[in-house]
Every structure is written in C-alpha cells, then in structure tokens.
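protein32.txt, holding compact mmCIF, C-alpha atoms (C1' of nucleotides):
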```txt
# COMPACT_ATOMS: atom_id res chain seq x y z
CA MET Q 250 0.00 0.00 0.00
CA ALA Q 251 2.92 2.30 0.65
CA ALA Q 252 4.13 1.33 -2.82
CA ALA Q 253 0.73 2.19 -4.26
CA ALA Q 254 0.73 5.53 -2.45
CA ALA Q 255 4.15 6.45 -3.80
CA LEU Q 256 3.28 5.48 -7.36
CA MET Q 257 -0.05 7.24 -7.30
CA PHE Q 258 1.56 10.35 -5.88
CA ASP Q 259 3.83 10.83 -8.85
CA ARG Q 260 1.83 9.28 -11.67
CA GLY Q 261 -1.72 9.82 -10.54
CA VAL Q 262 -4.29 7.14 -9.80
CA ALA Q 263 -5.23 6.54 -13.43
CA GLY Q 264 -1.56 6.44 -14.38
CA THR Q 265 -0.82 3.67 -11.91
CA SER Q 266 -1.81 0.15 -12.87
CA THR Q 267 -2.32 -2.66 -10.41
CA GLU Q 268 0.52 -4.37 -12.25
CA ASP Q 269 2.81 -1.42 -11.40
CA VAL Q 270 1.83 -1.66 -7.75
CA ARG Q 271 2.30 -5.41 -7.81
CA ALA Q 272 5.80 -5.08 -9.21
CA ALA Q 273 6.84 -2.21 -6.94
CA ALA Q 274 5.65 -4.04 -3.85
CA GLY Q 275 7.20 -7.32 -4.97
CA VAL Q 276 4.03 -9.32 -4.53
CA SER Q 277 1.76 -11.33 -6.76
CA SER Q 278 -1.56 -10.11 -8.04
CA SER Q 279 -3.47 -12.65 -5.99
CA GLN Q 280 -2.05 -11.00 -2.88
CA LEU Q 281 -3.23 -7.60 -4.04
CA TYR Q 282 -6.74 -8.87 -4.57
CA HIS Q 283 -6.67 -10.84 -1.37
CA TYR Q 284 -6.07 -7.73 0.74
CA PHE Q 285 -8.00 -5.25 -1.39
CA GLU Q 286 -11.34 -6.01 -2.96
CA ASN Q 287 -10.49 -4.05 -6.09
CA LYS Q 288 -8.58 -1.03 -7.27
CA GLN Q 289 -11.10 1.41 -5.86
CA GLN Q 290 -10.64 0.00 -2.36
CA LEU Q 291 -6.90 0.19 -2.78
CA VAL Q 292 -7.29 3.84 -3.70
CA ARG Q 293 -9.33 4.48 -0.59
CA ALA Q 294 -6.64 2.85 1.50
CA VAL Q 295 -4.10 5.09 -0.19
CA ILE Q 296 -6.19 8.13 0.68
CA ALA Q 297 -6.21 7.11 4.35
CA HIS Q 298 -2.48 6.45 4.22
CA GLN Q 299 -1.66 9.80 2.61
CA THR Q 300 -3.89 11.70 4.98
CA GLU Q 301 -1.96 10.33 7.93
CA ALA Q 302 1.35 10.95 6.16
CA VAL Q 303 0.57 14.55 5.32
CA LEU Q 304 -0.60 15.41 8.80
CA ALA Q 305 2.36 13.59 10.34
CA ALA Q 306 4.81 15.43 8.11
CA GLN Q 307 3.71 18.73 9.65
CA GLU Q 308 4.10 17.57 13.21
CA PRO Q 309 5.04 18.64 15.76
CA LEU Q 310 4.24 22.10 14.41
CA LEU Q 311 0.72 21.43 13.22
CA SER Q 312 -0.75 20.63 16.60
CA ARG Q 313 0.80 23.74 18.13
CA LEU Q 314 -0.04 26.46 15.60
CA ASP Q 315 -0.96 28.77 18.45
CA SER Q 316 1.37 31.72 17.98
CA LEU Q 317 2.59 33.92 15.17
CA PRO Q 318 6.12 32.47 15.28
CA ALA Q 319 4.73 28.95 15.15
CA LEU Q 320 2.62 29.84 12.13
CA GLN Q 321 5.63 31.39 10.46
CA ALA Q 322 7.73 28.29 11.14
CA TRP Q 323 4.97 26.11 9.72
CA ARG Q 324 4.79 28.25 6.61
CA ASP Q 325 8.58 27.99 6.20
CA LEU Q 326 8.48 24.23 6.65
CA ILE Q 327 5.97 23.81 3.86
CA VAL Q 328 7.76 26.14 1.48
CA ASP Q 329 11.07 24.38 2.16
CA LEU Q 330 9.49 21.02 1.57
CA GLN Q 331 8.28 22.06 -1.88
CA ARG Q 332 11.61 23.62 -2.67
CA GLN Q 333 13.37 20.39 -1.78
CA ARG Q 334 11.06 18.59 -4.17
CA HIS Q 335 11.93 21.14 -6.86
CA CYS Q 336 8.22 21.94 -6.96
CA VAL Q 337 7.42 18.52 -8.40
CA GLY Q 338 4.28 16.88 -7.05
CA GLY Q 339 1.61 18.89 -5.34
CA CYS Q 340 -0.24 18.00 -2.18
CA PRO Q 341 -0.75 14.24 -1.83
CA ILE Q 342 -4.31 14.87 -0.70
CA GLY Q 343 -5.02 17.73 -3.07
CA SER Q 344 -3.88 15.79 -6.13
CA LEU Q 345 -6.08 12.86 -5.21
CA ALA Q 346 -8.95 15.26 -4.56
CA SER Q 347 -8.66 16.84 -7.96
CA GLU Q 348 -8.56 13.49 -9.71
CA LEU Q 349 -11.23 11.68 -7.70
CA ALA Q 350 -13.70 14.24 -6.35
CA ASP Q 351 -16.10 13.99 -9.26
CA ALA Q 352 -15.38 10.39 -10.19
CA ASP Q 353 -15.68 8.52 -6.90
CA PRO Q 354 -18.18 9.78 -4.31
CA GLU Q 355 -16.76 7.66 -1.51
CA ALA Q 356 -13.24 8.83 -2.20
CA ARG Q 357 -14.53 12.40 -2.26
CA GLN Q 358 -15.92 12.02 1.24
CA ASP Q 359 -12.70 10.50 2.54
CA LEU Q 360 -10.75 13.39 1.07
CA ALA Q 361 -13.16 15.98 2.42
CA ALA Q 362 -12.77 14.39 5.84
CA GLY Q 363 -8.99 14.59 5.51
CA PHE Q 364 -9.17 18.28 4.67
CA ALA Q 365 -11.52 18.76 7.61
CA ARG Q 366 -9.02 17.21 10.02
CA TRP Q 367 -6.27 19.39 8.62
CA GLY Q 368 -8.41 22.50 8.88
CA SER Q 369 -9.40 21.64 12.44
CA ALA Q 370 -5.79 21.48 13.51
CA ILE Q 371 -5.18 24.96 12.16
CA ARG Q 372 -8.41 26.26 13.67
CA ASP Q 373 -7.59 24.89 17.10
CA GLY Q 374 -4.32 26.79 17.15
CA LEU Q 375 -6.03 30.02 16.16
CA ALA Q 376 -8.77 29.46 18.71
CA ALA Q 377 -6.12 29.01 21.41
CA MET Q 378 -4.55 32.31 20.37
CA ARG Q 379 -7.88 34.05 20.59
CA ASP Q 380 -8.62 32.56 24.00
CA ARG Q 381 -5.24 33.78 25.15
CA GLY Q 382 -6.02 37.27 23.85
CA GLU Q 383 -3.47 37.17 21.03
CA LEU Q 384 -6.27 37.58 18.53
CA ARG Q 385 -9.21 39.93 18.83
CA GLU Q 386 -12.69 38.68 19.66
CA GLU Q 387 -13.96 39.36 16.13
CA ALA Q 388 -11.40 36.96 14.70
CA ASP Q 389 -13.09 33.88 13.26
CA PRO Q 390 -10.69 30.95 13.72
CA GLU Q 391 -12.83 28.61 11.64
CA ARG Q 392 -12.92 30.93 8.66
CA LEU Q 393 -9.29 31.98 8.96
CA ALA Q 394 -8.22 28.34 9.12
CA LEU Q 395 -10.34 27.43 6.13
CA ALA Q 396 -8.95 30.31 4.10
CA THR Q 397 -5.40 29.37 5.09
CA LEU Q 398 -5.77 25.71 4.13
CA THR Q 399 -7.44 26.75 0.90
CA ALA Q 400 -4.63 29.16 0.10
CA LEU Q 401 -2.16 26.39 0.84
CA GLN Q 402 -3.87 24.02 -1.56
CA GLY Q 403 -3.93 26.62 -4.30
CA GLY Q 404 -0.31 27.41 -3.57
CA LEU Q 405 0.75 23.81 -3.95
CA LEU Q 406 -1.14 23.44 -7.23
CA MET Q 407 0.20 26.67 -8.71
CA THR Q 408 3.68 25.88 -7.48
CA GLN Q 409 3.57 22.48 -9.12
CA THR Q 410 2.41 24.03 -12.38
CA SER Q 411 4.79 26.98 -12.50
CA ARG Q 412 7.74 25.17 -10.91
CA SER Q 413 8.28 28.12 -8.60
CA THR Q 414 7.49 28.51 -4.92
CA ALA Q 415 6.36 32.10 -5.50
CA PRO Q 416 2.60 31.32 -5.60
CA LEU Q 417 2.84 29.21 -2.46
CA GLU Q 418 4.72 31.92 -0.63
CA ALA Q 419 2.41 34.69 -1.81
CA ALA Q 420 -0.70 32.78 -0.76
CA LEU Q 421 0.59 31.65 2.62
CA ASP Q 422 2.02 35.07 3.44
CA MET Q 423 -1.31 36.62 2.63
CA SER Q 424 -2.97 34.19 5.04
CA LEU Q 425 -0.51 34.95 7.80
CA ASP Q 426 -0.99 38.67 7.22
CA ALA Q 427 -4.72 38.18 7.55
CA ILE Q 428 -4.07 36.54 10.91
CA ARG Q 429 -1.57 39.20 12.04
CA VAL Q 430 -4.08 41.90 11.25
CA MET Q 431 -6.33 40.34 13.87
CA ALA Q 432 -3.78 40.82 16.62
CA PRO Q 433 -4.99 43.29 19.30
CA GLN Q 434 -2.26 45.91 18.82
CA HIS Q 435 -3.21 46.30 15.17
CA MET L 48 -12.43 19.54 -29.78
CA ALA L 49 -15.20 21.22 -27.84
CA ALA L 50 -16.55 17.73 -27.25
CA ALA L 51 -13.16 16.62 -25.98
CA ALA L 52 -12.96 19.64 -23.69
CA ALA L 53 -16.37 18.95 -22.20
CA LEU L 54 -15.66 15.28 -21.63
CA MET L 55 -12.23 15.89 -20.15
CA PHE L 56 -13.68 18.54 -17.87
CA ASP L 57 -16.00 16.15 -16.14
CA ARG L 58 -14.18 12.85 -16.43
CA GLY L 59 -10.57 13.92 -16.51
CA VAL L 60 -8.08 13.39 -19.33
CA ALA L 61 -7.31 9.79 -18.39
CA GLY L 62 -11.00 9.06 -17.99
CA THR L 63 -11.80 10.18 -21.50
CA SER L 64 -11.01 7.81 -24.34
CA THR L 65 -10.57 8.89 -27.93
CA GLU L 66 -13.54 6.64 -28.62
CA ASP L 67 -15.66 8.73 -26.24
CA VAL L 68 -14.57 11.90 -27.99
CA ARG L 69 -15.21 10.33 -31.37
CA ALA L 70 -18.74 9.34 -30.40
CA ALA L 71 -19.58 12.66 -28.69
CA ALA L 72 -18.37 14.66 -31.66
CA GLY L 73 -20.09 12.34 -34.13
CA VAL L 74 -17.02 11.77 -36.23
CA SER L 75 -14.93 8.78 -37.21
CA SER L 76 -11.58 7.94 -35.68
CA SER L 77 -9.75 8.68 -38.90
CA GLN L 78 -10.98 12.26 -38.64
CA LEU L 79 -9.68 12.55 -35.10
CA TYR L 80 -6.24 11.39 -36.14
CA HIS L 81 -6.31 13.49 -39.25
CA TYR L 82 -6.70 16.70 -37.29
CA PHE L 83 -4.71 15.72 -34.20
CA GLU L 84 -1.47 13.80 -34.32
CA ASN L 85 -2.31 11.82 -31.18
CA LYS L 86 -4.12 12.11 -27.90
CA GLN L 87 -1.43 14.30 -26.37
CA GLN L 88 -1.84 16.89 -29.10
CA LEU L 89 -5.60 16.76 -28.63
CA VAL L 90 -5.07 17.42 -24.94
CA ARG L 91 -2.89 20.42 -25.71
CA ALA L 92 -5.59 21.77 -28.00
CA VAL L 93 -8.08 21.27 -25.18
CA ILE L 94 -5.82 23.23 -22.85
CA ALA L 95 -5.74 26.13 -25.28
CA HIS L 96 -9.48 25.92 -25.73
CA GLN L 97 -10.21 25.88 -22.00
CA THR L 98 -7.82 28.74 -21.32
CA GLU L 99 -9.74 30.93 -23.73
CA ALA L 100 -13.07 29.71 -22.36
CA VAL L 101 -12.14 30.41 -18.74
CA LEU L 102 -10.84 33.88 -19.43
CA ALA L 103 -13.83 34.64 -21.66
CA ALA L 104 -16.27 33.47 -18.97
CA GLN L 105 -14.96 36.19 -16.65
CA GLU L 106 -15.31 38.97 -19.17
CA PRO L 107 -16.14 41.78 -19.22
CA LEU L 108 -15.22 41.94 -15.54
CA LEU L 109 -11.76 40.43 -15.78
CA SER L 110 -10.23 43.13 -17.95
CA ARG L 111 -11.61 45.87 -15.71
CA LEU L 112 -10.71 44.65 -12.23
CA ASP L 113 -9.60 48.16 -11.33
CA SER L 114 -11.83 49.07 -8.40
CA LEU L 115 -13.02 47.47 -5.19
CA PRO L 116 -16.61 47.15 -6.45
CA ALA L 117 -15.37 45.48 -9.64
CA LEU L 118 -13.31 43.01 -7.62
CA GLN L 119 -16.30 42.28 -5.43
CA ALA L 120 -18.52 41.70 -8.48
CA TRP L 121 -15.91 39.38 -9.95
CA ARG L 122 -15.73 37.44 -6.69
CA ASP L 123 -19.52 37.12 -6.66
CA LEU L 124 -19.58 35.97 -10.28
CA ILE L 125 -17.16 33.15 -9.56
CA VAL L 126 -18.92 32.03 -6.40
CA ASP L 127 -22.29 32.08 -8.17
CA LEU L 128 -20.87 30.06 -11.03
CA GLN L 129 -19.72 27.32 -8.69
CA ARG L 130 -22.99 27.40 -6.84
CA GLN L 131 -24.88 26.93 -10.11
CA ARG L 132 -22.73 23.92 -10.81
CA HIS L 133 -23.55 22.57 -7.35
CA CYS L 134 -19.81 22.65 -6.70
CA VAL L 135 -19.20 19.90 -9.23
CA GLY L 136 -16.12 20.32 -11.37
CA GLY L 137 -13.30 22.58 -10.33
CA CYS L 138 -11.39 25.00 -12.50
CA PRO L 139 -11.06 23.72 -16.09
CA ILE L 140 -7.44 24.85 -16.10
CA GLY L 141 -6.67 23.85 -12.53
CA SER L 142 -7.99 20.32 -12.98
CA LEU L 143 -5.89 19.83 -16.08
CA ALA L 144 -2.90 21.29 -14.25
CA SER L 145 -3.21 18.87 -11.40
CA GLU L 146 -3.52 15.90 -13.72
CA LEU L 147 -0.88 16.84 -16.27
CA ALA L 148 1.74 19.03 -14.59
CA ASP L 149 4.04 16.18 -13.68
CA ALA L 150 3.13 13.86 -16.54
CA ASP L 151 3.45 16.06 -19.60
CA PRO L 152 6.07 18.82 -19.62
CA GLU L 153 4.64 20.55 -22.66
CA ALA L 154 1.16 20.58 -21.21
CA ARG L 155 2.60 21.95 -17.97
CA GLN L 156 4.08 24.91 -19.82
CA ASP L 157 0.84 25.60 -21.66
CA LEU L 158 -1.02 25.55 -18.35
CA ALA L 159 1.54 27.74 -16.63
CA ALA L 160 1.18 30.21 -19.50
CA GLY L 161 -2.59 30.15 -19.06
CA PHE L 162 -2.26 30.92 -15.36
CA ALA L 163 0.19 33.69 -16.22
CA ARG L 164 -2.31 35.35 -18.55
CA TRP L 165 -4.99 35.09 -15.91
CA GLY L 166 -2.70 36.53 -13.26
CA SER L 167 -1.66 39.37 -15.54
CA ALA L 168 -5.25 40.42 -16.05
CA ILE L 169 -5.74 40.68 -12.30
CA ARG L 170 -2.42 42.45 -11.82
CA ASP L 171 -3.21 45.04 -14.50
CA GLY L 172 -6.39 46.01 -12.69
CA LEU L 173 -4.57 46.37 -9.38
CA ALA L 174 -1.78 48.34 -11.03
CA ALA L 175 -4.36 50.73 -12.49
CA MET L 176 -5.81 51.21 -9.02
CA ARG L 177 -2.40 52.00 -7.62
CA ASP L 178 -1.64 54.45 -10.42
CA ARG L 179 -4.94 56.15 -9.70
CA GLY L 180 -4.05 56.38 -6.02
CA GLU L 181 -6.67 53.89 -4.85
CA LEU L 182 -3.93 51.66 -3.51
CA ARG L 183 -0.88 52.77 -1.59
CA GLU L 184 2.57 52.87 -3.18
CA GLU L 185 3.76 49.90 -1.11
CA ALA L 186 1.06 47.68 -2.63
CA ASP L 187 2.58 45.04 -4.87
CA PRO L 188 0.06 44.35 -7.67
CA GLU L 189 2.04 41.37 -8.97
CA ARG L 190 2.13 39.64 -5.63
CA LEU L 191 -1.44 40.50 -4.71
CA ALA L 192 -2.65 39.19 -8.05
CA LEU L 193 -0.65 35.99 -7.68
CA ALA L 194 -1.98 35.41 -4.17
CA THR L 195 -5.54 36.07 -5.35
CA LEU L 196 -5.34 33.66 -8.29
CA THR L 197 -3.73 31.09 -6.04
CA ALA L 198 -6.45 31.49 -3.44
CA LEU L 199 -9.03 31.13 -6.18
CA GLN L 200 -7.48 27.88 -7.39
CA GLY L 201 -7.39 26.47 -3.90
CA GLY L 202 -10.95 27.62 -3.38
CA LEU L 203 -12.17 25.82 -6.47
CA LEU L 204 -10.41 22.61 -5.47
CA MET L 205 -11.62 22.67 -1.89
CA THR L 206 -15.12 23.60 -3.02
CA GLN L 207 -15.20 20.70 -5.43
CA THR L 208 -14.07 18.34 -2.69
CA SER L 209 -16.30 19.57 0.10
CA ARG L 210 -19.29 20.37 -2.12
CA SER L 211 -19.63 23.72 -0.38
CA THR L 212 -18.72 27.18 -1.58
CA ALA L 213 -17.44 28.10 1.88
CA PRO L 214 -13.74 27.53 1.11
CA LEU L 215 -13.97 29.51 -2.12
CA GLU L 216 -15.68 32.38 -0.35
CA ALA L 217 -13.27 32.37 2.58
CA ALA L 218 -10.22 32.39 0.33
CA LEU L 219 -11.47 35.05 -2.08
CA ASP L 220 -12.73 37.26 0.73
CA MET L 221 -9.35 37.04 2.39
CA SER L 222 -7.74 38.15 -0.88
CA LEU L 223 -10.09 41.06 -1.27
CA ASP L 224 -9.46 42.08 2.34
CA ALA L 225 -5.74 42.00 1.65
CA ILE L 226 -6.37 44.41 -1.22
CA ARG L 227 -8.72 46.63 0.80
CA VAL L 228 -6.11 46.93 3.52
CA MET L 229 -3.86 48.56 0.94
CA ALA L 230 -6.32 51.38 0.30
CA PRO L 231 -4.93 54.78 1.40
CA GLN L 232 -7.58 55.56 4.06
CA HIS L 233 -6.70 52.35 5.91
C1' DC W 95 -0.96 -34.83 14.13
C1' DG W 96 -4.63 -34.03 11.00
C1' DT W 97 -8.08 -30.90 9.42
C1' DT W 98 -9.47 -26.50 8.14
C1' DT W 99 -8.63 -21.87 7.04
C1' DT W 100 -5.82 -18.37 5.25
C1' DC W 101 -2.50 -16.93 2.12
C1' DT W 102 0.43 -16.90 -2.20
C1' DG W 103 2.39 -17.49 -7.12
C1' DG W 104 1.63 -17.29 -11.66
C1' DA W 105 -0.97 -18.14 -15.64
C1' DT W 106 -5.19 -16.60 -17.77
C1' DT W 107 -9.34 -14.15 -19.39
C1' DG W 108 -12.15 -10.66 -21.26
C1' DT W 109 -12.37 -5.86 -22.13
C1' DC W 110 -11.10 -1.62 -23.72
C1' DA W 111 -7.73 1.74 -25.12
C1' DA W 112 -4.77 4.11 -28.63
C1' DC W 113 -3.71 4.06 -32.97
C1' DT W 114 -3.41 2.35 -38.13
C1' DC W 115 -5.00 1.25 -42.69
C1' DC W 116 -7.21 1.50 -46.89
C1' DA W 117 -10.79 2.26 -50.07
C1' DG W 118 -13.54 5.60 -51.57
C1' DA W 119 -15.81 10.39 -51.30
C1' DA W 120 -15.30 15.25 -51.67
C1' DG W 121 -12.96 19.24 -52.83
C1' DT W 122 -9.26 21.98 -55.55
C1' DC W 123 -7.21 23.73 -59.48
C1' DG W 124 -5.32 24.14 -64.22
C1' DC U 228 -13.27 17.89 -67.52
C1' DG U 229 -9.41 15.41 -65.43
C1' DA U 230 -5.53 14.89 -62.36
C1' DC U 231 -4.40 15.46 -57.77
C1' DT U 232 -4.85 16.40 -52.94
C1' DT U 233 -7.42 16.36 -48.88
C1' DC U 234 -10.76 14.29 -46.10
C1' DT U 235 -13.81 10.53 -44.14
C1' DG U 236 -15.92 5.91 -42.64
C1' DG U 237 -15.24 1.89 -40.53
C1' DA U 238 -12.85 -2.28 -39.85
C1' DG U 239 -8.65 -4.00 -37.90
C1' DT U 240 -4.29 -4.44 -35.00
C1' DT U 241 -1.72 -4.38 -30.92
C1' DG U 242 -0.97 -3.89 -26.35
C1' DA U 243 -2.25 -3.05 -21.64
C1' DC U 244 -5.23 -3.30 -17.87
C1' DA U 245 -8.45 -4.94 -14.09
C1' DA U 246 -9.80 -8.87 -12.37
C1' DT U 247 -10.12 -14.16 -11.87
C1' DC U 248 -8.75 -18.87 -11.05
C1' DC U 249 -6.67 -22.71 -9.13
C1' DA U 250 -3.19 -25.47 -7.18
C1' DG U 251 -0.31 -25.64 -3.60
C1' DA U 252 2.16 -23.60 0.68
C1' DA U 253 1.71 -21.81 5.44
C1' DA U 254 -0.75 -21.02 9.62
C1' DA U 255 -4.10 -21.85 12.97
C1' DC U 256 -6.49 -24.84 15.77
C1' DG U 257 -8.44 -28.74 18.27
```
Please, can you express the file's structure as structure tokens?
Amino acid sequence: MAAAAALMFDRGVAGTSTEDVRAAAGVSSSQLYHYFENKQQLVRAVIAHQTEAVLAAQEPLLSRLDSLPALQAWRDLIVDLQRQRHCVGGCPIGSLASELADADPEARQDLAAGFARWGSAIRDGLAAMRDRGELREEADPERLALATLTALQGGLLMTQTSRSTAPLEAALDMSLDAIRVMAPQH
Amino acid sequence: MAAAAALMFDRGVAGTSTEDVRAAAGVSSSQLYHYFENKQQLVRAVIAHQTEAVLAAQEPLLSRLDSLPALQAWRDLIVDLQRQRHCVGGCPIGSLASELADADPEARQDLAAGFARWGSAIRDGLAAMRDRGELREEADPERLALATLTALQGGLLMTQTSRSTAPLEAALDMSLDAIRVMAPQH
DNA sequence: CGTTTTCTGGATTGTCAACTCCAGAAGTCG
DNA sequence: CGACTTCTGGAGTTGACAATCCAGAAAACG
C-alpha cells in the first residue's frame, strides 16, 4: 500500500496500474486482490495512508499552531518542503482530490474528511490564540483556518504548475498577514 | 475539440477515451487522427481551448478589475458560477494542471502560461488602481494578483471536494481584504 | 498430528484503449 | 473535364489493464 501511495503520488491514480503496484511491492496479483477487494478499495486505503502521512509530516508544528512564530515556522516548513522537491508533485491529498472528487463519491468524502481534520488542527491553534487574547474577539478561527488551508492548496497546485514557490509563498504570506491583522495591537 | 474539452472537464483526461470523444463529436476515428497527431496533441488543444473559455467566462469583468466594487462583483460571479454547478467540477485549467503538470512537460508549460495570462489580467487592474491612487505605493500588484489567483485555485479545489462554496468564499474574501487593507484611508 | 482456514504465485481471461489502414468520397485547381 | 490532394468511414491491429482462477504452501487450531 505504501508502494501504491508512492506510485499514485507521482503518476496519478489513473496512471498507476495494479501491475505497477504489484511489481513495486514485490508481490503477486493474488495477494493484491486478497487484501483489497479491487482497485477502488486500494485507492481508498491510499487516501487514508496519505492523509496520515501529510498530517504527520507537519508535526510537531501542526498541533501547536498557536502563535505567530509557530505559524511562520509552519509556513517555512511547507515552502522548504516544496523547494526540496523542486516543486514537483503537489499535495498528496489535493492531487487525489482533484482526480477523484467527481469520479468517486466515496473517495470524495474521505478526502473531504482529511481536509476537515487538517483545517481543524489549524483552527484549534487560532482558537487558542484568541482565548489567550493574542487575537481579537472578532477573529473567526474557523474561517481563517479554512482560508489558510485553501490558500495552501492553491499554492501547492500553482507551485507544481509553475515550478516556482512564488505562488505558495504569496498565498501563505497573505494568510498569515490576515491573521496578524487580527492581533490586538493592530 | 469542444466535445473533448467537455468530456475531459467532467471525467478527466485519463477518464476520456478517444472513442468517447469520437462518439460525442459524431465523427470517425480517422478524422480525429487526421486533425490531431495523437491524444497528447488533442489534450494540448483542449488546454488552449479551456484557457480561452475560462478567461472569456470572466469577461467583461476580468479586464476591468480596477476598483473594489469590480473586484467584489468578480468574486460574486465566480462564487455564483460554482454554486450553479452545485460545486461539481473545479477549474477547467486547474484540474488539467493537477492531472498533467508532472506527466506532460509541454502541457505543464501551456497551463503555466494560461495561469500567467490570468494573473496578468488581475495584476493590471490592481496596477491601475495604484496608479490612480486607490492603492498605496507599497502595494505590490504582482504579488497581490498571484496570491488572489492562487487562493481562487485552492478555493475551487476545496469547493469541489467539500461540495460547499465556503472555502472559495473564505479564500477570495481574504484576498479582497488584503487588497482593501492597501487602500490609502486604511 | 490431521483438518481447516488463510495466504500466495503465476498463468489466464475478457475488455477496452490508442492508434493504423485502406478504399472511396469530396474538394481543388489548371 | 481530369488529375491530384485532402478528407472521411469503418474495420482492424496491438498492447495493456483490471480482475479471476486454481493449485499448492503456510498457519491456525483442536
């Protein structure tokens, strides 16, 4: 399944055959169909796997996004990660979402749930800041988090297409500015 | 080719066979291969077609995004469009970008060029505002436009996945706020 | 230890995809 | 009108892909 996830990440779901997965994992096709009912179920397992992987890759920062420096560090981590990849490959979840959202309703729900978990992590940090008085009362953590995650997704897509981290940086910096503006001293 | 564009928009490039295109267009396969060297060239033609279609769909607003009300109207147009589609199908360019960026270098460049044209249109409006004194000198039209287009792309992807316009609205509103903040009276 | 269940390798099947071919129709041009 | 080029229909070829099948190897269990 890790083999499937890796292949589907850089060739897409449609571009990855069960034969490719079979070969990469060094198993026979009967094994594949013993553990996964069919390709669709394998894809759903890959979605679950990538969701965990993406969230884990942002730890320990992600669960402590409760200060401006932490947010900045998180932003830098993501930009660096894409730079290391030479802007090849977008977001493991986002790519799957784009390919599967309209084609596979169950996959769409899994992906939406993954995004929701991600967004919640960001929101919780912002909510903690607001509770601590580092953000004004009018600040809406839910909406700010949603806008930030959305900007991140767009940034990863545009970065992948243009082979430059500029869109990712512009979008994330705009998000962080939107959060900074909500600080009391502003 | 319009038939190909429509099919690829709602089934993806990989999910659309030349046979599907053939049938939808009501032509024979020899015609398809007479006018297009192979499927890849057909895809590139579809990219060009969709780029024009997307930019045209935003006119006349897009080429006059030089005031806050115009930007707001443009934002509303896009949100309404997605709502009419019941959040099915993302951005015709963005979807192709996600599917093809890493698989087809030539397609990637075409798509990047499409995004660049789109971004330029937004930037030109912002630059006009700055020249007219409606935005402060420190405002960076290029960067604001890039962040806005990026937020839009993320918004369309997240909206397609979650079947709600909330992410699109949150991201675009954040962009417009970032622009409003650059108005002189702020 | 013997029976039953689970697991595995590898060959196989049926389907569908991209692409080719050729014979003839339609259009072009002197 | 007649030679030539471009265009079109539809059958055909080739390869790849998802999925199946079955015989035998391991494990589990009483």
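Interface residues of chain Q facing chain W, defined by any atom at most 9 Å away and using all atoms listed in the file, are Val276, Ser277, Ser278, Ser279, Gln280 and His283 of chain Q.
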Please save C-alpha atoms of the selected residues as a PDB file, keeping the file's coordinate frame.
```
ATOM      1  CA  VAL Q 276       4.030  -9.320  -4.530  1.00  0.00           C
ATOM      2  CA  SER Q 277       1.760 -11.330  -6.760  1.00  0.00           C
ATOM      3  CA  SER Q 278      -1.560 -10.110  -8.040  1.00  0.00           C
ATOM      4  CA  SER Q 279      -3.470 -12.650  -5.990  1.00  0.00           C
ATOM      5  CA  GLN Q 280      -2.050 -11.000  -2.880  1.00  0.00           C
ATOM      6  CA  HIS Q 283      -6.670 -10.840  -1.370  1.00  0.00           C
TER       7      HIS Q 283
END
```
Which one is closest to chain L: U:DA243, U:DA238, U:DC256, U:DC248? Count only C-alpha atoms (C1' of nucleotides). U:DA238
Mind checking which residues fall within 12 Å of Thr267 of chain Q, counting only C-alpha atoms (C1' of nucleotides), ignoring those fewer than 3 positions away in the same chain, and posting them as an mmCIF file with C-alpha atoms (C1' of nucleotides), keeping the file's coordinate frame?
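Dumped everything to result.cif:
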```cif
data_model
loop_
_atom_site.group_PDB
_atom_site.id
_atom_site.type_symbol
_atom_site.label_atom_id
_atom_site.label_comp_id
_atom_site.auth_asym_id
_atom_site.auth_seq_id
_atom_site.Cartn_x
_atom_site.Cartn_y
_atom_site.Cartn_z
ATOM 1 C CA MET Q 250 0.000 0.000 0.000
ATOM 2 C CA ALA Q 252 4.130 1.330 -2.820
ATOM 3 C CA ALA Q 253 0.730 2.190 -4.260
ATOM 4 C CA ALA Q 254 0.730 5.530 -2.450
ATOM 5 C CA LEU Q 256 3.280 5.480 -7.360
ATOM 6 C CA MET Q 257 -0.050 7.240 -7.300
ATOM 7 C CA VAL Q 262 -4.290 7.140 -9.800
ATOM 8 C CA ALA Q 263 -5.230 6.540 -13.430
ATOM 9 C CA GLY Q 264 -1.560 6.440 -14.380
ATOM 10 C CA VAL Q 270 1.830 -1.660 -7.750
ATOM 11 C CA ARG Q 271 2.300 -5.410 -7.810
ATOM 12 C CA ALA Q 272 5.800 -5.080 -9.210
ATOM 13 C CA ALA Q 273 6.840 -2.210 -6.940
ATOM 14 C CA ALA Q 274 5.650 -4.040 -3.850
ATOM 15 C CA GLY Q 275 7.200 -7.320 -4.970
ATOM 16 C CA VAL Q 276 4.030 -9.320 -4.530
ATOM 17 C CA SER Q 277 1.760 -11.330 -6.760
ATOM 18 C CA SER Q 278 -1.560 -10.110 -8.040
ATOM 19 C CA SER Q 279 -3.470 -12.650 -5.990
ATOM 20 C CA GLN Q 280 -2.050 -11.000 -2.880
ATOM 21 C CA LEU Q 281 -3.230 -7.600 -4.040
ATOM 22 C CA TYR Q 282 -6.740 -8.870 -4.570
ATOM 23 C CA PHE Q 285 -8.000 -5.250 -1.390
ATOM 24 C CA ASN Q 287 -10.490 -4.050 -6.090
ATOM 25 C CA LYS Q 288 -8.580 -1.030 -7.270
ATOM 26 C CA GLN Q 289 -11.100 1.410 -5.860
ATOM 27 C CA GLN Q 290 -10.640 0.000 -2.360
ATOM 28 C CA LEU Q 291 -6.900 0.190 -2.780
ATOM 29 C CA VAL Q 292 -7.290 3.840 -3.700
ATOM 30 C "C1'" DA U 243 -2.250 -3.050 -21.640
ATOM 31 C "C1'" DC U 244 -5.230 -3.300 -17.870
ATOM 32 C "C1'" DA U 245 -8.450 -4.940 -14.090
ATOM 33 C "C1'" DA U 246 -9.800 -8.870 -12.370
#
```
Contacts from chain L to chain Q, 7 Å maximum, all atoms listed in the file: show me the residue list as JSON, numbers by chain. {"L": [58, 61, 135, 136, 142, 144, 145, 146, 148, 149, 150, 155, 159, 190, 193, 194, 197, 198, 200, 201, 202, 204, 205, 207, 208, 209, 214, 217, 218, 221]}
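Computed from the coordinates, the atom CA of His133 of chain L to atom CA of Ser110 of chain L distance equals 26.7 Å.
Note that the spacing between atom CA of Ala251 of chain Q and atom CA of Val295 of chain Q amounts to 7.6 Å.
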Test item: chain U residues at most 8 Å from chain L, counting all atoms listed in the file, as an NGL selection string: :U and (234-237)
Just give me the gap between atom CA of Ile342 of chain Q and atom CA of Ile327 of chain Q in Å, one decimal is fine.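 For atom CA of Ile342 of chain Q relative to atom CA of Ile327 of chain Q, the distance reads 14.4 Å.
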What are the centre and edge lengths in Å, to one decimal, of the axis-aligned box around all listed atoms of segment 265-277 of chain Q with 3 Å added on each side, as lines of an AutoDock Vina configuration file?
```
center_x = 2.4
center_y = -3.8
center_z = -8.4
size_x = 15.5
size_y = 21.0
size_z = 15.0
```
